[in-house]
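Colleague: So I've got this file, query_7.txt, and it contains compact mmCIF, C-alpha atoms (C1' of nucleotides):
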# COMPACT_ATOMS: atom_id res chain seq x y z
CA MET A 209 4.27 25.46 -23.27
CA SER A 210 7.84 24.34 -22.52
CA ASN A 211 8.73 21.64 -20.09
CA ASP A 212 11.23 21.66 -17.25
CA SER A 213 11.64 24.79 -15.20
CA ASP A 214 14.45 24.74 -12.61
CA PHE A 215 12.01 24.79 -9.72
CA LEU A 216 11.98 21.93 -7.27
CA PRO A 217 9.12 21.63 -4.81
CA LEU A 218 9.90 21.97 -1.10
CA GLY A 219 9.68 18.91 1.12
CA VAL A 220 6.68 18.62 3.42
CA LEU A 221 8.51 19.52 6.61
CA GLN A 222 10.45 22.25 4.82
CA GLU A 223 7.22 23.87 3.81
CA GLN A 224 5.73 23.50 7.29
CA ILE A 225 8.76 25.09 8.85
CA LEU A 226 8.89 27.98 6.42
CA VAL A 227 5.22 28.66 7.02
CA ALA A 228 5.66 28.36 10.78
CA VAL A 229 8.48 30.93 10.63
CA LEU A 230 6.13 33.29 8.82
CA ARG A 231 3.35 32.64 11.30
CA THR A 232 5.47 33.22 14.39
CA ARG A 233 7.01 36.39 12.95
CA GLU A 234 9.42 37.99 15.44
CA ASP A 235 9.38 34.92 17.67
CA ALA A 236 10.68 32.49 15.09
CA TYR A 237 13.32 30.50 16.96
CA GLY A 238 13.66 26.72 16.97
CA MET A 239 11.62 25.68 19.98
CA ASN A 240 8.86 28.08 19.14
CA VAL A 241 8.66 27.00 15.53
CA ARG A 242 8.34 23.47 16.81
CA ARG A 243 5.52 24.40 19.18
CA GLU A 244 3.68 26.20 16.41
CA ILE A 245 3.83 23.19 14.08
CA GLU A 246 2.76 20.82 16.81
CA ARG A 247 -0.12 23.07 17.69
CA VAL A 248 -1.43 23.53 14.17
CA THR A 249 -0.83 20.06 12.79
CA ASP A 250 -1.67 18.20 15.98
CA ARG A 251 1.31 15.89 15.90
CA SER A 252 4.53 15.78 17.87
CA LEU A 253 7.84 16.58 16.26
CA ALA A 254 11.33 15.92 17.62
CA ILE A 255 13.38 19.02 18.16
CA GLY A 256 16.24 17.51 16.16
CA ALA A 257 13.98 17.24 13.14
CA VAL A 258 13.23 20.94 13.37
CA TYR A 259 16.82 22.12 13.62
CA ALA A 260 18.07 19.77 10.92
CA THR A 261 15.52 21.25 8.56
CA LEU A 262 16.13 24.84 9.67
CA ASP A 263 19.84 24.32 9.00
CA ARG A 264 19.24 22.88 5.55
CA LEU A 265 16.91 25.70 4.62
CA GLU A 266 19.48 28.24 5.75
CA GLU A 267 22.22 26.51 3.72
CA LYS A 268 20.02 26.91 0.67
CA GLY A 269 19.37 30.55 1.38
CA LEU A 270 15.64 30.16 2.01
CA LEU A 271 16.05 31.23 5.63
CA LEU A 272 18.57 33.30 7.54
CA SER A 273 19.27 33.43 11.26
CA ASN A 274 20.70 35.82 13.84
CA ARG A 275 21.47 35.31 17.50
CA TYR A 276 19.78 37.43 20.11
CA THR A 277 19.81 37.23 23.85
CA VAL A 278 16.41 37.58 25.47
CA ASP A 279 16.00 37.38 29.25
CA GLY A 280 19.50 36.00 29.49
CA THR A 281 18.85 33.08 27.13
CA SER A 282 20.43 33.06 23.71
CA ARG A 283 18.11 32.48 20.80
CA ARG A 284 18.71 31.85 17.14
CA MET A 285 15.99 33.80 15.36
CA PHE A 286 15.01 32.91 11.83
CA GLU A 287 13.44 34.85 9.01
CA VAL A 288 12.31 33.90 5.54
CA THR A 289 14.39 35.34 2.70
CA ALA A 290 12.98 36.61 -0.59
CA GLU A 291 14.11 33.40 -2.20
CA GLY A 292 12.38 31.44 0.54
CA ALA A 293 9.16 33.36 -0.03
CA ARG A 294 9.34 32.62 -3.75
CA ALA A 295 9.95 28.90 -3.14
CA LEU A 296 6.96 28.85 -0.83
CA ALA A 297 4.70 30.67 -3.28
CA ASP A 298 5.83 28.46 -6.17
CA THR A 299 5.28 25.29 -4.20
CA ARG A 300 1.81 26.43 -3.32
CA ALA A 301 0.94 27.47 -6.85
CA MET A 302 2.12 24.21 -8.35
CA ARG A 303 0.07 22.21 -5.91
CA GLU A 304 -2.99 24.33 -6.55
CA ARG A 305 -2.74 23.56 -10.27
CA LEU A 306 -2.49 19.86 -9.56
CA TRP A 307 -5.44 19.78 -7.20
CA SER A 308 -7.58 21.95 -9.43
CA GLY A 309 -8.40 18.94 -11.60
CA VAL A 310 -9.69 16.86 -8.70
CA ASP A 311 -13.37 16.30 -8.08
CA MET A 312 -13.56 16.78 -4.31
CA ARG A 313 -16.99 15.22 -4.08
CA ARG A 314 -15.65 12.05 -5.62
CA LEU A 315 -12.61 12.09 -3.32
CA MET A 316 -14.74 12.39 -0.19
CA LYS A 317 -17.05 9.67 -1.35
CA LEU A 318 -14.08 7.41 -2.00
CA ALA A 319 -12.77 8.19 1.47
CA GLY A 320 -16.05 6.85 2.79
CA GLY A 321 -17.12 10.12 4.42
CA MET B 170 -7.41 19.55 22.29
CA SER B 171 -5.08 16.52 22.43
CA ASN B 172 -1.81 16.28 20.67
CA ASP B 173 -0.50 13.52 18.46
CA SER B 174 -2.86 11.80 16.11
CA ASP B 175 -1.47 8.80 14.24
CA PHE B 176 -1.61 10.59 10.91
CA LEU B 177 1.57 11.17 8.96
CA PRO B 178 1.52 13.58 6.04
CA LEU B 179 2.22 12.18 2.59
CA GLY B 180 5.48 13.02 0.86
CA VAL B 181 5.38 15.57 -1.93
CA LEU B 182 5.75 13.09 -4.76
CA GLN B 183 3.39 10.67 -3.06
CA GLU B 184 0.72 13.31 -3.01
CA GLN B 185 1.37 14.29 -6.62
CA ILE B 186 1.10 10.69 -7.74
CA LEU B 187 -2.07 10.00 -5.80
CA VAL B 188 -3.65 13.12 -7.26
CA ALA B 189 -2.44 12.22 -10.76
CA VAL B 190 -4.04 8.77 -10.41
CA LEU B 191 -7.32 10.46 -9.52
CA ARG B 192 -7.00 12.90 -12.40
CA THR B 193 -6.24 10.25 -15.03
CA ARG B 194 -9.07 8.02 -13.81
CA GLU B 195 -9.34 4.88 -15.95
CA ASP B 196 -6.00 5.55 -17.64
CA ALA B 197 -3.91 5.53 -14.51
CA TYR B 198 -0.88 3.44 -15.44
CA GLY B 199 2.75 4.35 -14.79
CA MET B 200 3.76 6.13 -17.99
CA ASN B 201 0.54 8.06 -18.11
CA VAL B 202 0.72 9.15 -14.49
CA ARG B 203 4.19 10.42 -15.26
CA ARG B 204 2.98 12.37 -18.29
CA GLU B 205 0.19 13.92 -16.27
CA ILE B 206 2.53 15.12 -13.53
CA GLU B 207 5.02 16.49 -16.04
CA ARG B 208 2.25 18.29 -17.85
CA VAL B 209 0.69 19.90 -14.79
CA THR B 210 3.82 20.69 -12.80
CA ASP B 211 5.98 21.59 -15.77
CA ARG B 212 9.00 19.60 -14.70
CA SER B 213 10.45 16.32 -15.93
CA LEU B 214 10.33 13.23 -13.79
CA ALA B 215 12.28 10.00 -14.28
CA ILE B 216 10.11 6.96 -14.83
CA GLY B 217 11.94 5.11 -12.06
CA ALA B 218 10.87 7.76 -9.57
CA VAL B 219 7.25 7.20 -10.53
CA TYR B 220 7.26 3.43 -10.18
CA ALA B 221 9.24 3.45 -6.94
CA THR B 222 6.60 5.69 -5.43
CA LEU B 223 3.68 3.79 -6.93
CA ASP B 224 5.10 0.60 -5.39
CA ARG B 225 5.54 2.17 -1.98
CA LEU B 226 2.01 3.55 -2.02
CA GLU B 227 0.64 0.14 -2.95
CA GLU B 228 2.61 -1.53 -0.14
CA LYS B 229 0.95 0.85 2.29
CA GLY B 230 -2.49 0.16 0.89
CA LEU B 231 -3.09 3.67 -0.44
CA LEU B 232 -3.18 2.38 -4.02
CA LEU B 233 -3.97 -0.93 -5.65
CA SER B 234 -3.09 -2.20 -9.10
CA ASN B 235 -4.34 -4.70 -11.67
CA ARG B 236 -2.87 -5.80 -14.94
CA TYR B 237 -4.78 -5.35 -18.15
CA THR B 238 -3.80 -5.92 -21.74
CA VAL B 239 -4.79 -3.10 -24.06
CA ASP B 240 -3.90 -3.23 -27.76
CA GLY B 241 -1.52 -6.07 -27.04
CA THR B 242 0.48 -4.12 -24.47
CA SER B 243 0.26 -5.08 -20.81
CA ARG B 244 -0.49 -2.30 -18.41
CA ARG B 245 -0.54 -2.08 -14.65
CA MET B 246 -3.52 0.09 -13.83
CA PHE B 247 -3.73 1.85 -10.49
CA GLU B 248 -6.59 3.12 -8.41
CA VAL B 249 -6.78 5.01 -5.14
CA THR B 250 -8.13 3.03 -2.18
CA ALA B 251 -10.43 4.43 0.50
CA GLU B 252 -7.44 4.69 2.78
CA GLY B 253 -5.53 6.53 0.06
CA ALA B 254 -8.38 8.99 -0.36
CA ARG B 255 -8.43 9.63 3.38
CA ALA B 256 -4.66 10.18 3.50
CA LEU B 257 -4.99 12.64 0.65
CA ALA B 258 -7.88 14.52 2.24
CA ASP B 259 -6.11 14.63 5.63
CA THR B 260 -2.88 15.89 4.09
CA ARG B 261 -4.75 18.62 2.33
CA ALA B 262 -6.75 19.63 5.39
CA MET B 263 -3.68 19.83 7.59
CA ARG B 264 -1.89 22.02 5.10
CA GLU B 265 -4.88 24.27 4.75
CA ARG B 266 -4.89 24.87 8.51
CA LEU B 267 -1.21 25.72 8.45
CA TRP B 268 -1.50 28.14 5.54
CA SER B 269 -4.64 29.76 6.91
CA GLY B 270 -2.52 31.85 9.28
CA VAL B 271 -0.33 33.29 6.52
CA ASP B 272 -0.76 36.80 5.23
CA MET B 273 -0.47 36.25 1.47
CA ARG B 274 0.05 39.93 0.75
CA ARG B 275 3.06 39.94 3.02
CA LEU B 276 4.38 36.75 1.44
CA MET B 277 4.14 38.14 -2.07
CA LYS B 278 5.77 41.36 -1.04
CA LEU B 279 8.61 39.44 0.57
CA ALA B 280 9.00 37.43 -2.62
CA GLY B 281 9.54 40.70 -4.39
CA GLY B 282 6.59 40.32 -6.76
C1' DT C 156 24.75 21.98 41.70
C1' DA C 157 20.41 21.58 39.96
C1' DG C 158 17.28 22.82 36.65
C1' DC C 159 15.39 25.38 32.68
C1' DG C 160 15.24 26.74 27.96
C1' DT C 161 17.69 26.36 24.01
C1' DT C 162 20.71 24.58 20.47
C1' DT C 163 23.91 21.10 18.57
C1' DC C 164 25.24 16.51 17.42
C1' DT C 165 24.94 11.73 15.77
C1' DA C 166 22.71 8.11 13.65
C1' DC C 167 19.38 6.07 11.00
C1' DA C 168 14.81 5.52 8.26
C1' DA C 169 11.92 7.05 4.58
C1' DT C 170 11.37 9.37 0.41
C1' DG C 171 12.93 11.15 -4.03
C1' DT C 172 15.69 10.64 -8.14
C1' DA C 173 17.89 8.78 -12.29
C1' DG C 174 18.81 5.81 -16.01
C1' DA C 175 19.74 1.37 -17.79
C1' DA C 176 17.96 -3.33 -18.28
C1' DA C 177 14.25 -6.50 -19.05
C1' DT C 178 9.76 -7.70 -21.17
C1' DG C 179 6.48 -8.68 -24.55
C1' DA C 180 4.11 -7.46 -28.60
C1' DT C 181 4.30 -6.10 -33.53
C1' DA C 182 6.07 -5.14 -37.94
C1' DG C 183 9.13 -5.35 -41.55
C1' DT C 184 12.79 -7.99 -44.18
C1' DG C 185 16.03 -11.48 -46.02
C1' DC D 110 9.80 -18.78 -41.64
C1' DA D 111 13.60 -16.93 -38.71
C1' DC D 112 15.64 -12.43 -37.60
C1' DT D 113 16.14 -8.06 -35.73
C1' DA D 114 14.37 -3.61 -35.00
C1' DT D 115 11.46 -0.95 -32.44
C1' DC D 116 7.88 0.61 -29.41
C1' DA D 117 5.48 1.05 -25.02
C1' DT D 118 5.76 -0.43 -20.70
C1' DT D 119 7.61 -2.08 -16.36
C1' DT D 120 11.39 -3.58 -13.27
C1' DC D 121 15.82 -3.13 -11.21
C1' DT D 122 19.84 -1.02 -8.95
C1' DA D 123 22.14 2.58 -6.88
C1' DC D 124 22.49 6.77 -4.72
C1' DA D 125 21.05 11.69 -2.90
C1' DT D 126 17.99 14.28 -0.11
C1' DT D 127 14.77 14.80 3.41
C1' DG D 128 12.61 13.37 7.73
C1' DT D 129 13.04 11.60 12.38
C1' DA D 130 14.55 10.80 17.12
C1' DG D 131 16.80 11.51 21.37
C1' DA D 132 20.79 12.37 23.94
C1' DA D 133 24.49 15.65 24.77
C1' DA D 134 26.15 20.23 25.34
C1' DC D 135 25.63 25.09 26.67
C1' DG D 136 24.75 29.20 29.29
C1' DC D 137 21.95 31.28 32.49
C1' DT D 138 19.77 31.72 37.16
C1' DA D 139 18.17 30.21 41.43
Would you mind writing the structure in this file as structure tokens?

Modeller:
Amino acid sequence: MSNDSDFLPLGVLQEQILVAVLRTREDAYGMNVRREIERVTDRSLAIGAVYATLDRLEEKGLLLSNRYTVDGTSRRMFEVTAEGARALADTRAMRERLWSGVDMRRLMKLAGG
Amino acid sequence: MSNDSDFLPLGVLQEQILVAVLRTREDAYGMNVRREIERVTDRSLAIGAVYATLDRLEEKGLLLSNRYTVDGTSRRMFEVTAEGARALADTRAMRERLWSGVDMRRLMKLAGG
DNA sequence: TAGCGTTTCTACAATGTAGAAATGATAGTG
DNA sequence: CACTATCATTTCTACATTGTAGAAACGCTA
């Protein structure tokens, strides 16, 4: 009934990165997250964009990171926090509600498909 | 197989506004689009935010607008173009691919639900 | 010392956000 | 009639956050 929860939707890249961290599980470090997003979305992404967003998500407490050394190379491994998981689920739920009122047939026709 | 299509995902608010224009159909003018988004997403949204985004979407050709006078008040009515519909469909499809690899049970558990 | 994989840094562009000002119509009021 | 109040709408201005790129730095290992 009421208006105005305190929830703010995640940005597009923020959501992609959070999801990519989930998808890559125990291999969630910067370069790999980037590869995963490029693979799934079929577009290239500068490595700086990835780290800037990872940093911002960590600042907000939606991700956390630890350093490990694997095969002599140091890696910063990320994982999604409980708060991050909630933000992700909320973002998804909100979008689902919005899209639920859309006639997909009409959309596709409009798109000229 | 190839990497790098020319597609860029829509911003979060851009997508919300495009969807709200579809949902409100023949009543898609600024104030009403705002009401629709506030209603469905349960958060308040400044009117300036709405018009700034409507303008940017029109500049890119994803929306178009015409002025009508209804009950003596002038309204700028928006509609989604074919290109807008494609951008919307592409954005949705890309996100679906990304999310398809996520174990929702694990996500919900992580969120502490 | 050259190269590889990784992360950090710096700078800028695009998107999101807010609220006050402007606009134009209508309705009441002296 | 002139006046001003008000309502719904749109436009304007300014700033914060997010997205983007690529070069530089770092620490191995060959």

Colleague: Can you pull out the residues contacting Arg305 in chain A? Cut-off 12 Å, using only C-alpha atoms (C1' of nucleotides), and skip same-chain residues under 6 positions away; I want them as an mmCIF file with C-alpha atoms, in the frame of the given file.

Modeller:
data_model
loop_
_atom_site.group_PDB
_atom_site.id
_atom_site.type_symbol
_atom_site.label_atom_id
_atom_site.label_comp_id
_atom_site.auth_asym_id
_atom_site.auth_seq_id
_atom_site.Cartn_x
_atom_site.Cartn_y
_atom_site.Cartn_z
ATOM 1 C CA ASP A 298 5.830 28.460 -6.170
ATOM 2 C CA THR A 299 5.280 25.290 -4.200
ATOM 3 C CA GLN B 185 1.370 14.290 -6.620
ATOM 4 C CA VAL B 188 -3.650 13.120 -7.260
ATOM 5 C CA ALA B 189 -2.440 12.220 -10.760
ATOM 6 C CA ARG B 192 -7.000 12.900 -12.400
ATOM 7 C CA GLU B 205 0.190 13.920 -16.270
ATOM 8 C CA ILE B 206 2.530 15.120 -13.530
ATOM 9 C CA GLU B 207 5.020 16.490 -16.040
ATOM 10 C CA ARG B 208 2.250 18.290 -17.850
ATOM 11 C CA VAL B 209 0.690 19.900 -14.790
ATOM 12 C CA THR B 210 3.820 20.690 -12.800
ATOM 13 C CA ASP B 211 5.980 21.590 -15.770
#

Colleague: For C1' of DC124 in chain D and C1' of DA168 in chain C, quote the distance in Å rounded to one decimal.

Modeller: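 C1' of DA168 in chain C lies 15.1 Å from C1' of DC124 in chain D.
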
Colleague: Residues of chain A within 8 Å of chain D, counting all atoms listed in the file, what are they? List them as a compact mmCIF listing (two decimals) with C-alpha atoms, in the frame of the given file.

Modeller:
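And here is the file that came out, part-v5.txt:
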# COMPACT_ATOMS: atom_id res chain seq x y z
CA GLY A 219 9.68 18.91 1.12
CA LEU A 221 8.51 19.52 6.61
CA ALA A 254 11.33 15.92 17.62
CA GLY A 256 16.24 17.51 16.16
CA ALA A 257 13.98 17.24 13.14
CA GLY A 280 19.50 36.00 29.49
CA THR A 281 18.85 33.08 27.13

Colleague: May I have the residues within 8 Å of Ala290 in chain A as a list in words, using only C-alpha atoms (C1' of nucleotides) and disregarding those fewer than 4 positions away in the same chain?

Modeller: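 These residues fall inside the cut-off: Leu270 and Arg294 of chain A; Leu279, Ala280 and Gly281 of chain B.
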
Colleague: Could you please determine the separation between CA of Lys278 in chain B and CA of Met239 in chain A in Å, to one decimal place?

Modeller: 26.9 Å

Colleague: Pull out every residue of chain C sitting within 8 Å of chain B, counting all atoms listed in the file, and send them as a list in words.

Modeller: DT170, DG171, DT172, DA173, DG174, DG179 and DA180 of chain C

Colleague: Find the residue from B:Ala256, B:Val190, B:Val202, B:Met273 that sits nearest to Leu233 in chain B; use all atoms listed in the file when measuring.

Modeller: B:Val190

Colleague: For chain B, which residue out of A:Tyr276, A:Phe286, A:Trp307, A:Tyr259 is the nearest one, using all atoms listed in the file?

Modeller: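 Closest to chain B, using all atoms listed in the file: A:Trp307.
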
Colleague: For a test of reading the model, state the distance in Å between CA of Glu228 in chain B and CA of Arg244 in chain B, rounded to one decimal.

Modeller: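 Calculated distance between CA of Glu228 in chain B and CA of Arg244 in chain B is 18.5 Å.
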